[in-house]
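Printed here is work_14.cif (mmCIF, C-alpha atoms):
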```cif
data_protein
#
loop_
_atom_site.group_PDB
_atom_site.id
_atom_site.type_symbol
_atom_site.label_atom_id
_atom_site.label_comp_id
_atom_site.auth_asym_id
_atom_site.auth_seq_id
_atom_site.Cartn_x
_atom_site.Cartn_y
_atom_site.Cartn_z
ATOM 1 C CA MET S 8 32.191 43.522 18.457
ATOM 2 C CA LYS S 9 29.966 40.725 17.131
ATOM 3 C CA THR S 10 29.842 37.678 19.398
ATOM 4 C CA LEU S 11 28.754 34.138 18.626
ATOM 5 C CA TYR S 12 27.415 32.500 21.781
ATOM 6 C CA ILE S 13 27.455 28.702 21.632
ATOM 7 C CA SER S 14 26.255 26.395 24.385
ATOM 8 C CA ASP S 15 26.058 22.712 25.163
ATOM 9 C CA MET S 16 22.480 21.686 25.907
ATOM 10 C CA ASP S 17 22.030 18.929 28.509
ATOM 11 C CA GLY S 18 23.436 19.972 31.855
ATOM 12 C CA THR S 19 24.302 23.441 30.532
ATOM 13 C CA LEU S 20 21.590 25.367 28.665
ATOM 14 C CA LEU S 21 18.720 23.034 29.550
ATOM 15 C CA ALA S 22 17.292 23.039 33.051
ATOM 16 C CA PRO S 23 16.636 19.718 34.831
ATOM 17 C CA GLY S 24 13.928 17.871 32.948
ATOM 18 C CA ALA S 25 15.617 18.786 29.635
ATOM 19 C CA ARG S 26 13.713 22.047 29.197
ATOM 20 C CA LEU S 27 14.270 25.677 28.322
ATOM 21 C CA THR S 28 12.931 27.853 31.122
ATOM 22 C CA PRO S 29 10.772 30.896 30.330
ATOM 23 C CA LYS S 30 13.623 33.191 31.449
ATOM 24 C CA THR S 31 16.110 31.500 29.119
ATOM 25 C CA VAL S 32 13.628 31.682 26.226
ATOM 26 C CA GLU S 33 13.035 35.378 26.943
ATOM 27 C CA ILE S 34 16.742 36.250 26.942
ATOM 28 C CA LEU S 35 17.620 34.187 23.869
ATOM 29 C CA GLN S 36 14.707 35.653 21.911
ATOM 30 C CA ARG S 37 15.794 39.148 22.895
ATOM 31 C CA LEU S 38 19.279 38.355 21.603
ATOM 32 C CA MET S 39 17.854 37.133 18.271
ATOM 33 C CA GLU S 40 15.646 40.210 17.894
ATOM 34 C CA LYS S 41 18.693 42.423 18.329
ATOM 35 C CA GLY S 42 20.545 40.512 15.592
ATOM 36 C CA GLY S 43 22.759 38.539 17.969
ATOM 37 C CA TYR S 44 24.133 35.073 17.293
ATOM 38 C CA PHE S 45 23.422 32.031 19.428
ATOM 39 C CA THR S 46 23.528 28.321 18.716
ATOM 40 C CA ALA S 47 23.606 25.033 20.566
ATOM 41 C CA ALA S 48 26.284 22.361 20.252
ATOM 42 C CA THR S 49 25.146 19.022 21.566
ATOM 43 C CA ALA S 50 25.789 15.301 21.486
ATOM 44 C CA ARG S 51 22.088 14.869 20.722
ATOM 45 C CA THR S 52 21.232 13.683 17.247
ATOM 46 C CA LEU S 53 18.213 15.035 15.390
ATOM 47 C CA ILE S 54 16.016 12.467 17.135
ATOM 48 C CA GLY S 55 17.092 13.747 20.534
ATOM 49 C CA LEU S 56 16.743 17.362 19.451
ATOM 50 C CA ASN S 57 13.168 16.739 18.341
ATOM 51 C CA MET S 58 12.355 15.542 21.869
ATOM 52 C CA LEU S 59 12.768 19.136 23.079
ATOM 53 C CA ASP S 60 10.364 22.063 23.037
ATOM 54 C CA LEU S 61 12.370 24.795 21.310
ATOM 55 C CA SER S 62 9.441 27.117 20.687
ATOM 56 C CA GLY S 63 9.536 30.755 21.654
ATOM 57 C CA VAL S 64 12.919 31.485 20.078
ATOM 58 C CA ASP S 65 13.425 32.442 16.419
ATOM 59 C CA TRP S 66 16.617 30.448 15.896
ATOM 60 C CA THR S 67 18.845 31.934 13.208
ATOM 61 C CA VAL S 68 22.087 29.919 13.386
ATOM 62 C CA PRO S 69 22.272 26.178 12.566
ATOM 63 C CA PHE S 70 22.565 23.834 15.536
ATOM 64 C CA VAL S 71 25.626 21.615 15.938
ATOM 65 C CA LEU S 72 24.394 18.040 16.503
ATOM 66 C CA GLY S 73 26.110 14.742 17.157
ATOM 67 C CA ASN S 74 29.176 16.416 18.678
ATOM 68 C CA GLY S 75 29.785 18.263 15.423
ATOM 69 C CA SER S 76 28.946 15.513 12.935
ATOM 70 C CA MET S 77 25.823 17.367 11.710
ATOM 71 C CA LEU S 78 24.672 20.951 11.171
ATOM 72 C CA TYR S 79 20.898 21.345 11.309
ATOM 73 C CA ASP S 80 18.649 24.276 10.398
ATOM 74 C CA VAL S 81 16.013 24.235 13.151
ATOM 75 C CA VAL S 82 13.679 26.740 11.470
ATOM 76 C CA ARG S 83 13.593 25.074 8.043
ATOM 77 C CA ARG S 84 13.929 21.565 9.508
ATOM 78 C CA ARG S 85 16.706 20.732 7.101
ATOM 79 C CA VAL S 86 20.008 18.921 7.448
ATOM 80 C CA VAL S 87 22.666 21.409 6.331
ATOM 81 C CA GLU S 88 25.530 18.910 6.248
ATOM 82 C CA THR S 89 26.845 15.715 7.792
ATOM 83 C CA LEU S 90 30.254 14.076 7.980
ATOM 84 C CA ASP S 91 29.643 10.437 7.081
ATOM 85 C CA ILE S 92 31.808 7.530 8.201
ATOM 86 C CA ALA S 93 33.023 5.221 5.417
ATOM 87 C CA PRO S 94 31.262 1.806 5.240
ATOM 88 C CA GLU S 95 34.508 -0.130 5.730
ATOM 89 C CA THR S 96 35.213 1.923 8.857
ATOM 90 C CA ILE S 97 31.691 1.236 10.127
ATOM 91 C CA ARG S 98 32.377 -2.499 9.752
ATOM 92 C CA ARG S 99 35.605 -2.263 11.776
ATOM 93 C CA ILE S 100 33.868 -0.319 14.526
ATOM 94 C CA LEU S 101 31.040 -2.839 14.735
ATOM 95 C CA ASP S 102 33.460 -5.786 14.880
ATOM 96 C CA ILE S 103 35.381 -4.289 17.798
ATOM 97 C CA CYS S 104 32.209 -3.290 19.623
ATOM 98 C CA GLU S 105 30.837 -6.801 19.232
ATOM 99 C CA SER S 106 34.015 -8.250 20.777
ATOM 100 C CA TYR S 107 33.278 -6.097 23.832
ATOM 101 C CA GLY S 108 29.639 -7.190 23.984
ATOM 102 C CA LYS S 109 28.277 -3.882 22.680
ATOM 103 C CA THR S 110 25.834 -3.285 19.829
ATOM 104 C CA PRO S 111 25.832 0.492 19.355
ATOM 105 C CA MET S 112 23.107 2.648 17.910
ATOM 106 C CA LEU S 113 24.185 3.679 14.403
ATOM 107 C CA TYR S 114 22.541 6.831 13.081
ATOM 108 C CA GLN S 115 21.797 7.297 9.392
ATOM 109 C CA VAL S 116 20.280 10.173 7.408
ATOM 110 C CA HIS S 117 17.215 9.593 5.236
ATOM 111 C CA GLY S 118 16.364 12.803 3.411
ATOM 112 C CA HIS S 119 16.148 15.342 6.221
ATOM 113 C CA GLU S 120 15.332 12.797 8.913
ATOM 114 C CA VAL S 121 17.583 10.616 11.060
ATOM 115 C CA GLN S 122 17.022 7.019 12.070
ATOM 116 C CA GLY S 123 18.978 4.907 14.537
ATOM 117 C CA VAL S 124 19.513 1.169 14.171
ATOM 118 C CA THR S 125 20.908 -1.424 16.555
ATOM 119 C CA THR S 126 20.869 -5.193 16.844
ATOM 120 C CA GLY S 127 19.982 -4.944 20.540
ATOM 121 C CA VAL S 128 20.413 -2.960 23.741
ATOM 122 C CA THR S 129 23.194 -3.922 26.138
ATOM 123 C CA SER S 130 22.636 -1.681 29.163
ATOM 124 C CA GLU S 131 19.781 -0.217 31.168
ATOM 125 C CA GLY S 132 20.759 3.257 29.997
ATOM 126 C CA GLU S 133 20.399 2.228 26.365
ATOM 127 C CA ARG S 134 17.056 0.564 27.066
ATOM 128 C CA SER S 135 15.622 3.674 28.700
ATOM 129 C CA PHE S 136 17.092 5.939 26.000
ATOM 130 C CA MET S 137 15.447 3.905 23.239
ATOM 131 C CA GLU S 138 12.086 3.483 24.977
ATOM 132 C CA VAL S 139 11.690 7.198 25.678
ATOM 133 C CA ARG S 140 12.445 8.201 22.083
ATOM 134 C CA ASN S 141 10.337 5.494 20.472
ATOM 135 C CA ALA S 142 7.406 6.393 22.711
ATOM 136 C CA ARG S 143 7.494 9.873 21.176
ATOM 137 C CA PHE S 144 8.559 8.920 17.636
ATOM 138 C CA PRO S 145 7.713 5.254 16.953
ATOM 139 C CA ASP S 146 10.544 3.289 15.315
ATOM 140 C CA CYS S 147 12.938 6.240 15.246
ATOM 141 C CA ILE S 148 15.418 3.757 16.727
ATOM 142 C CA ARG S 149 14.884 0.246 15.384
ATOM 143 C CA ILE S 150 16.224 -3.123 16.452
ATOM 144 C CA VAL S 151 17.288 -4.878 13.248
ATOM 145 C CA PRO S 152 18.545 -8.430 12.528
ATOM 146 C CA ALA S 153 21.858 -7.088 11.196
ATOM 147 C CA TYR S 154 23.596 -3.792 10.487
ATOM 148 C CA GLU S 155 23.966 -2.696 6.866
ATOM 149 C CA PRO S 156 27.226 -0.665 6.757
ATOM 150 C CA GLU S 157 26.851 -0.127 3.020
ATOM 151 C CA ASN S 158 23.944 2.220 3.844
ATOM 152 C CA GLY S 159 26.397 4.479 5.650
ATOM 153 C CA GLY S 160 26.068 6.385 8.879
ATOM 154 C CA PHE S 161 27.479 9.423 10.613
ATOM 155 C CA TYR S 162 27.327 8.675 14.332
ATOM 156 C CA PHE S 163 27.485 5.834 16.868
ATOM 157 C CA SER S 164 26.181 6.016 20.431
ATOM 158 C CA MET S 165 26.223 3.555 23.327
ATOM 159 C CA GLN S 166 25.979 3.602 27.124
ATOM 160 C CA ASP S 167 27.488 1.627 29.989
ATOM 161 C CA THR S 168 29.766 2.042 32.988
ATOM 162 C CA ARG S 169 32.718 4.391 32.641
ATOM 163 C CA GLU S 170 35.148 1.481 32.919
ATOM 164 C CA ARG S 171 33.559 -0.403 30.006
ATOM 165 C CA MET S 172 33.304 2.712 27.880
ATOM 166 C CA ASP S 173 36.908 3.743 28.516
ATOM 167 C CA SER S 174 38.134 0.231 27.731
ATOM 168 C CA LEU S 175 36.231 0.099 24.443
ATOM 169 C CA ALA S 176 37.342 3.608 23.482
ATOM 170 C CA ALA S 177 40.968 2.501 23.909
ATOM 171 C CA ALA S 178 40.347 -0.489 21.624
ATOM 172 C CA LEU S 179 38.858 1.783 18.950
ATOM 173 C CA ALA S 180 41.726 4.272 19.106
ATOM 174 C CA GLY S 181 43.664 2.514 16.344
ATOM 175 C CA ILE S 182 40.953 2.985 13.712
ATOM 176 C CA PRO S 183 41.869 5.889 11.419
ATOM 177 C CA GLY S 184 39.317 8.494 10.439
ATOM 178 C CA ILE S 185 37.244 8.489 13.623
ATOM 179 C CA GLN S 186 37.261 9.960 17.098
ATOM 180 C CA THR S 187 35.526 8.883 20.285
ATOM 181 C CA VAL S 188 34.330 10.756 23.355
ATOM 182 C CA VAL S 189 33.267 9.320 26.707
ATOM 183 C CA TYR S 190 31.257 11.511 29.045
ATOM 184 C CA ARG S 191 28.918 11.351 32.018
ATOM 185 C CA ASP S 192 25.143 10.988 31.604
ATOM 186 C CA VAL S 193 23.624 13.973 33.423
ATOM 187 C CA TYR S 194 20.263 12.209 33.844
ATOM 188 C CA MET S 195 21.181 8.680 35.032
ATOM 189 C CA GLU S 196 23.527 7.898 37.900
ATOM 190 C CA ASN S 197 26.613 5.775 37.131
ATOM 191 C CA ASN S 198 25.889 5.803 33.400
ATOM 192 C CA TRP S 199 28.314 7.015 30.734
ATOM 193 C CA PHE S 200 27.929 7.678 27.024
ATOM 194 C CA MET S 201 30.428 6.883 24.329
ATOM 195 C CA GLU S 202 30.006 8.522 20.930
ATOM 196 C CA ILE S 203 31.948 7.742 17.749
ATOM 197 C CA PHE S 204 32.055 10.117 14.804
ATOM 198 C CA HIS S 205 34.188 11.365 11.909
ATOM 199 C CA ALA S 206 37.689 12.549 12.801
ATOM 200 C CA ALA S 207 37.064 15.851 11.014
ATOM 201 C CA ALA S 208 33.979 16.572 13.135
ATOM 202 C CA GLY S 209 33.811 18.158 16.571
ATOM 203 C CA LYS S 210 32.032 20.871 18.496
ATOM 204 C CA ASP S 211 35.208 22.941 18.179
ATOM 205 C CA VAL S 212 35.452 22.486 14.403
ATOM 206 C CA SER S 213 31.802 23.414 13.836
ATOM 207 C CA MET S 214 32.119 26.367 16.196
ATOM 208 C CA LYS S 215 35.047 27.783 14.204
ATOM 209 C CA ALA S 216 33.213 27.200 10.899
ATOM 210 C CA LEU S 217 30.121 29.033 12.160
ATOM 211 C CA LYS S 218 32.250 31.894 13.469
ATOM 212 C CA ASP S 219 33.781 32.328 10.012
ATOM 213 C CA ARG S 220 30.418 31.956 8.243
ATOM 214 C CA LEU S 221 28.825 34.642 10.411
ATOM 215 C CA GLY S 222 31.814 36.949 10.452
ATOM 216 C CA ALA S 223 31.792 36.988 14.247
ATOM 217 C CA ASP S 224 34.662 38.657 16.062
ATOM 218 C CA ARG S 225 34.746 36.250 18.976
ATOM 219 C CA VAL S 226 33.086 33.139 20.393
ATOM 220 C CA VAL S 227 31.835 32.678 23.934
ATOM 221 C CA ALA S 228 31.253 28.980 24.674
ATOM 222 C CA PHE S 229 29.369 27.331 27.541
ATOM 223 C CA GLY S 230 29.705 23.729 28.705
ATOM 224 C CA ASP S 231 29.640 21.313 31.614
ATOM 225 C CA ASN S 232 30.933 17.915 30.501
ATOM 226 C CA LEU S 233 34.020 16.204 29.099
ATOM 227 C CA ASN S 234 32.799 16.288 25.497
ATOM 228 C CA ASP S 235 32.678 20.103 25.743
ATOM 229 C CA LEU S 236 36.405 20.460 26.415
ATOM 230 C CA PRO S 237 37.573 20.844 22.773
ATOM 231 C CA MET S 238 34.979 23.578 22.193
ATOM 232 C CA LEU S 239 35.856 25.371 25.422
ATOM 233 C CA ARG S 240 39.579 25.284 24.670
ATOM 234 C CA ALA S 241 39.021 26.707 21.183
ATOM 235 C CA ALA S 242 36.673 29.505 22.292
ATOM 236 C CA ASP S 243 37.742 33.075 22.922
ATOM 237 C CA VAL S 244 35.913 32.938 26.255
ATOM 238 C CA ALA S 245 35.260 29.576 27.950
ATOM 239 C CA CYS S 246 32.383 29.513 30.449
ATOM 240 C CA VAL S 247 31.435 26.500 32.556
ATOM 241 C CA VAL S 248 28.211 26.241 34.537
ATOM 242 C CA ALA S 249 28.448 25.850 38.305
ATOM 243 C CA ASN S 250 27.179 22.262 38.076
ATOM 244 C CA GLY S 251 29.914 21.271 35.604
ATOM 245 C CA LEU S 252 32.506 18.583 36.256
ATOM 246 C CA PRO S 253 35.568 19.748 38.241
ATOM 247 C CA GLU S 254 37.964 18.871 35.396
ATOM 248 C CA VAL S 255 35.848 20.962 33.010
ATOM 249 C CA LYS S 256 35.667 23.886 35.428
ATOM 250 C CA ALA S 257 39.471 23.818 35.534
ATOM 251 C CA GLN S 258 39.501 24.888 31.856
ATOM 252 C CA ALA S 259 37.106 27.812 32.347
ATOM 253 C CA ASP S 260 37.808 31.488 31.966
ATOM 254 C CA GLU S 261 34.627 32.056 33.944
ATOM 255 C CA ILE S 262 32.239 29.985 36.080
ATOM 256 C CA VAL S 263 28.624 31.030 35.483
ATOM 257 C CA GLY S 264 25.375 30.109 37.204
ATOM 258 C CA ALA S 265 24.102 26.540 37.244
ATOM 259 C CA ASN S 266 21.786 25.068 34.619
ATOM 260 C CA ASP S 267 18.910 25.100 37.115
ATOM 261 C CA ALA S 268 19.320 28.865 37.570
ATOM 262 C CA ASP S 269 19.395 30.091 33.929
ATOM 263 C CA GLY S 270 23.181 30.336 34.177
ATOM 264 C CA VAL S 271 23.891 30.528 30.434
ATOM 265 C CA ALA S 272 21.123 32.988 29.592
ATOM 266 C CA LEU S 273 21.882 35.306 32.501
ATOM 267 C CA ALA S 274 25.583 35.308 31.601
ATOM 268 C CA ILE S 275 24.692 36.292 28.031
ATOM 269 C CA ALA S 276 22.450 39.095 29.289
ATOM 270 C CA ARG S 277 25.253 40.397 31.503
ATOM 271 C CA MET S 278 27.788 40.251 28.669
ATOM 272 C CA GLU S 279 25.350 42.157 26.451
ATOM 273 C CA GLY S 280 24.933 44.791 29.155
ATOM 274 C CA TRP S 281 21.273 44.066 29.862
ATOM 275 C CA THR S 282 19.448 44.247 33.171
ATOM 276 C CA CYS S 283 17.286 41.197 33.914
#
```
Rewrite the structure of this file - the entire thing - as structure tokens.
Amino acid sequence: MKTLYISDMDGTLLAPGARLTPKTVEILQRLMEKGGYFTAATARTLIGLNMLDLSGVDWTVPFVLGNGSMLYDVVRRRVVETLDIAPETIRRILDICESYGKTPMLYQVHGHEVQGVTTGVTSEGERSFMEVRNARFPDCIRIVPAYEPENGGFYFSMQDTRERMDSLAAALAGIPGIQTVVYRDVYMENNWFMEIFHAAAGKDVSMKALKDRLGADRVVAFGDNLNDLPMLRAADVACVVANGLPEVKAQADEIVGANDADGVALAIARMEGWTC
């Protein structure tokens, strides 16, 4: 039986400090060398992915980025595909966000690179998020005088309290062709993300497409947060790390070790019948 293993990154696969531990690298590389299938499905865009050290593993399956709005070939550093939001829809989203005092980061593809634009930050979480990324990749997220919806985009991201994010998500619910997710920030206390992307995207949709592409017999998915729920529900086996949210754990077929104890990698090793 050929298995596709797919895991969320932050709070699930990555240890605190947003890193792959040597043990996780060792197990994932062993899986690749034996012809196994593993990929990551994350809310991170390409900018966020590039912040990570992914060396030590010969990745063979495209990563699912932006909650399923992009497939990215890590080895070749190429965008495989994106699901773009129509310019008129981008305008409607921006108008509603503005009425709630939010100026989201809009991500656009330029060749095989991604750039974020915003007209300003509106929370401490957004400020920190932007400063950290621009310190590593100058101007990867730019503050601009005005958005240019005609240039397109595939993903919106913003941060604030859960109450503000939930309220804005409800206001956006009437816009056709998009979906929103609100989920906890695993690195900053009392901070919540809201992401907006194409209605046809999703970690679950990309997971099923990769399963078919690879001819896998089953999918084992790992997660911890609310935006992982569609993927977990669609998987053949749903695993949630011990540090996951209670409402996410309630959907699990199995609770595995925490992200600070190589929970995902050790679960994969056990399922493959290896001794670690």
Exercise on range 203-219 of chain S, axis-aligned box with 5 Å per side, report centre and edge lengths in Å to one decimal, as lines of an AutoDock Vina configuration file:
```
center_x = 33.9
center_y = 20.0
center_z = 14.3
size_x = 17.6
size_y = 34.6
size_z = 18.5
```
Spatial neighbours of Asn141 in chain S, max dist 12 Å, all atoms listed in the file, sep filter under 4 positions, as a PDB file with C-alpha atoms, keeping the file's coordinate frame:
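Output saved as around_22.pdb:
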```pdb
ATOM      1  CA  ILE S  54      16.016  12.467  17.135  1.00  0.00           C
ATOM      2  CA  GLY S  55      17.092  13.747  20.534  1.00  0.00           C
ATOM      3  CA  ASN S  57      13.168  16.739  18.341  1.00  0.00           C
ATOM      4  CA  MET S  58      12.355  15.542  21.869  1.00  0.00           C
ATOM      5  CA  GLN S 122      17.022   7.019  12.070  1.00  0.00           C
ATOM      6  CA  GLY S 123      18.978   4.907  14.537  1.00  0.00           C
ATOM      7  CA  VAL S 124      19.513   1.169  14.171  1.00  0.00           C
ATOM      8  CA  ARG S 134      17.056   0.564  27.066  1.00  0.00           C
ATOM      9  CA  SER S 135      15.622   3.674  28.700  1.00  0.00           C
ATOM     10  CA  PHE S 136      17.092   5.939  26.000  1.00  0.00           C
ATOM     11  CA  MET S 137      15.447   3.905  23.239  1.00  0.00           C
ATOM     12  CA  PRO S 145       7.713   5.254  16.953  1.00  0.00           C
ATOM     13  CA  ASP S 146      10.544   3.289  15.315  1.00  0.00           C
ATOM     14  CA  CYS S 147      12.938   6.240  15.246  1.00  0.00           C
ATOM     15  CA  ILE S 148      15.418   3.757  16.727  1.00  0.00           C
ATOM     16  CA  ARG S 149      14.884   0.246  15.384  1.00  0.00           C
ATOM     17  CA  ILE S 150      16.224  -3.123  16.452  1.00  0.00           C
TER      18      ILE S 150
END
```
Report as a PyMOL selection string the full result of the PyMOL selection byres ((chain S and resi 100) around 12) when it is applied to this structure.
chain S and resi 92-99+101-107+109-113+154+156+160+162-164+175-176+178-187+202-205
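Taken over the shown file, the PyMOL selection byres ((chain S and resi 60) around 12) identifies Leu21, Gly24, Ala25, Arg26, Leu27, Thr28, Pro29, Val32, Gly55, Leu56, Asn57, Met58, Leu59, Leu61, Ser62, Gly63, Val64 and Val81 of chain S.
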Can you tell me how far CA of Arg169 in chain S sits from CA of Met195 in chain S, in Å to one decimal?
12.5 Å
Non-local contacts of Glu254 in chain S (10 Å; all atoms listed in the file; under 5 positions in same chain excluded) as a list of chain:residue names:
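Those residues are S:Asp231, S:Asn232, S:Leu233, S:Leu236, S:Ala259.
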How would you write, as number ranges by chain, the residues chosen by the PyMOL selection byres ((chain S and resi 69) around 6) on this structure?
S: 68, 70, 78-80
In Å, how far is it from CA of Met39 in chain S to CA of Met16 in chain S?
17.8 Å
Please compute the CA of Asn74 in chain S-CA of Val193 in chain S distance, one decimal, in Å.
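Value for the CA of Asn74 in chain S-CA of Val193 in chain S distance: 15.9 Å.
Surrounding residues of (20.7, 33.4, 41.9) at most 12 Å away are S:Ala249, S:Val263, S:Gly264, S:Ala265, S:Asn266, S:Asp267, S:Ala268, S:Asp269, S:Gly270, S:Leu273, S:Ala274, S:Cys283 (based on all atoms listed in the file).
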I need the residue nearest Asp17 in chain S from this list: S:Thr49, S:Ser130, S:Ser213, S:Thr89. Use only C-alpha atoms for the distance.
S:Thr49
Here is a test: counting all atoms listed in the file, which residue of S:Ala216, S:Ile13, S:Val86, S:Ala153 is nearest to Val121 in chain S?
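Smallest separation from Val121 in chain S among the options: S:Val86.
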Within-9 Å shell of (23.9, 41.9, 18.1) in input frame, only C-alpha atoms, as a PyMOL selection string:
chain S and resi 8-10+38-44+279
Counting only C-alpha atoms, the residue of S:Met172, S:Ala245, S:Ala48, S:Ala207 that sits nearest Ala257 in chain S:
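The closest residue to Ala257 in chain S is S:Ala245.
Of the listed residues S:Thr19, S:Thr282, S:Thr67, S:Asn158, the one whose atoms come nearest to Gln36 in chain S is S:Thr67, with distances taken using only C-alpha atoms.
Here the question is which of S:Asp167, S:Glu131, S:Glu138, S:Glu33 gets nearest to Ile275 in chain S using only C-alpha atoms, and that residue is S:Glu33.
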Could you check which of S:Lys210, S:Lys256, S:His119, S:Lys215 is closest to Ala47 in chain S, using all atoms listed in the file?
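Looking only at the distances to Ala47 in chain S, the closest residue turns out to be S:Lys210.
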Please output range 184-191 of chain S, rebuilt to include all heavy atoms, as a compact mmCIF listing (two decimals), keeping the file's coordinate frame.
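So part_4.txt came out as:
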```txt
# COMPACT_ATOMS: atom_id res chain seq x y z
N GLY S 184 40.48 7.80 10.99
CA GLY S 184 39.32 8.49 10.44
C GLY S 184 38.17 8.70 11.38
O GLY S 184 37.13 9.23 10.97
N ILE S 185 38.32 8.29 12.65
CA ILE S 185 37.24 8.49 13.62
C ILE S 185 37.80 9.08 14.91
O ILE S 185 39.01 9.07 15.14
CB ILE S 185 36.49 7.19 13.96
CG1 ILE S 185 37.44 6.19 14.66
CG2 ILE S 185 35.85 6.59 12.72
CD1 ILE S 185 36.71 5.04 15.33
N GLN S 186 36.91 9.58 15.74
CA GLN S 186 37.26 9.96 17.10
C GLN S 186 36.15 9.50 18.03
O GLN S 186 35.00 9.28 17.61
CB GLN S 186 37.47 11.46 17.22
CG GLN S 186 36.30 12.33 16.80
CD GLN S 186 36.59 13.80 17.00
OE1 GLN S 186 36.97 14.23 18.09
NE2 GLN S 186 36.41 14.59 15.95
N THR S 187 36.50 9.31 19.29
CA THR S 187 35.53 8.88 20.28
C THR S 187 35.55 9.86 21.45
O THR S 187 36.58 10.46 21.75
CB THR S 187 35.82 7.47 20.82
OG1 THR S 187 37.08 7.49 21.53
CG2 THR S 187 35.90 6.46 19.69
N VAL S 188 34.40 10.00 22.10
CA VAL S 188 34.33 10.76 23.36
C VAL S 188 33.54 9.93 24.36
O VAL S 188 32.58 9.25 23.99
CB VAL S 188 33.68 12.15 23.18
CG1 VAL S 188 34.56 13.05 22.33
CG2 VAL S 188 32.28 12.05 22.60
N VAL S 189 33.97 9.97 25.60
CA VAL S 189 33.27 9.32 26.71
C VAL S 189 32.92 10.41 27.71
O VAL S 189 33.79 11.20 28.09
CB VAL S 189 34.15 8.24 27.36
CG1 VAL S 189 33.45 7.65 28.58
CG2 VAL S 189 34.50 7.15 26.35
N TYR S 190 31.67 10.45 28.12
CA TYR S 190 31.26 11.51 29.04
C TYR S 190 30.08 11.05 29.90
O TYR S 190 29.33 10.14 29.52
CB TYR S 190 30.91 12.80 28.29
CG TYR S 190 29.78 12.65 27.29
CD1 TYR S 190 28.47 13.00 27.65
CD2 TYR S 190 30.00 12.16 26.01
CE1 TYR S 190 27.44 12.86 26.76
CE2 TYR S 190 28.96 12.01 25.11
CZ TYR S 190 27.69 12.37 25.49
OH TYR S 190 26.66 12.21 24.58
N ARG S 191 29.93 11.71 31.02
CA ARG S 191 28.92 11.35 32.02
C ARG S 191 27.51 11.66 31.53
O ARG S 191 27.25 12.69 30.92
CB ARG S 191 29.19 12.15 33.29
CG ARG S 191 28.22 11.92 34.43
CD ARG S 191 28.41 12.96 35.52
NE ARG S 191 28.14 14.31 35.04
CZ ARG S 191 28.05 15.38 35.82
NH1 ARG S 191 28.24 15.26 37.12
NH2 ARG S 191 27.80 16.57 35.32
```
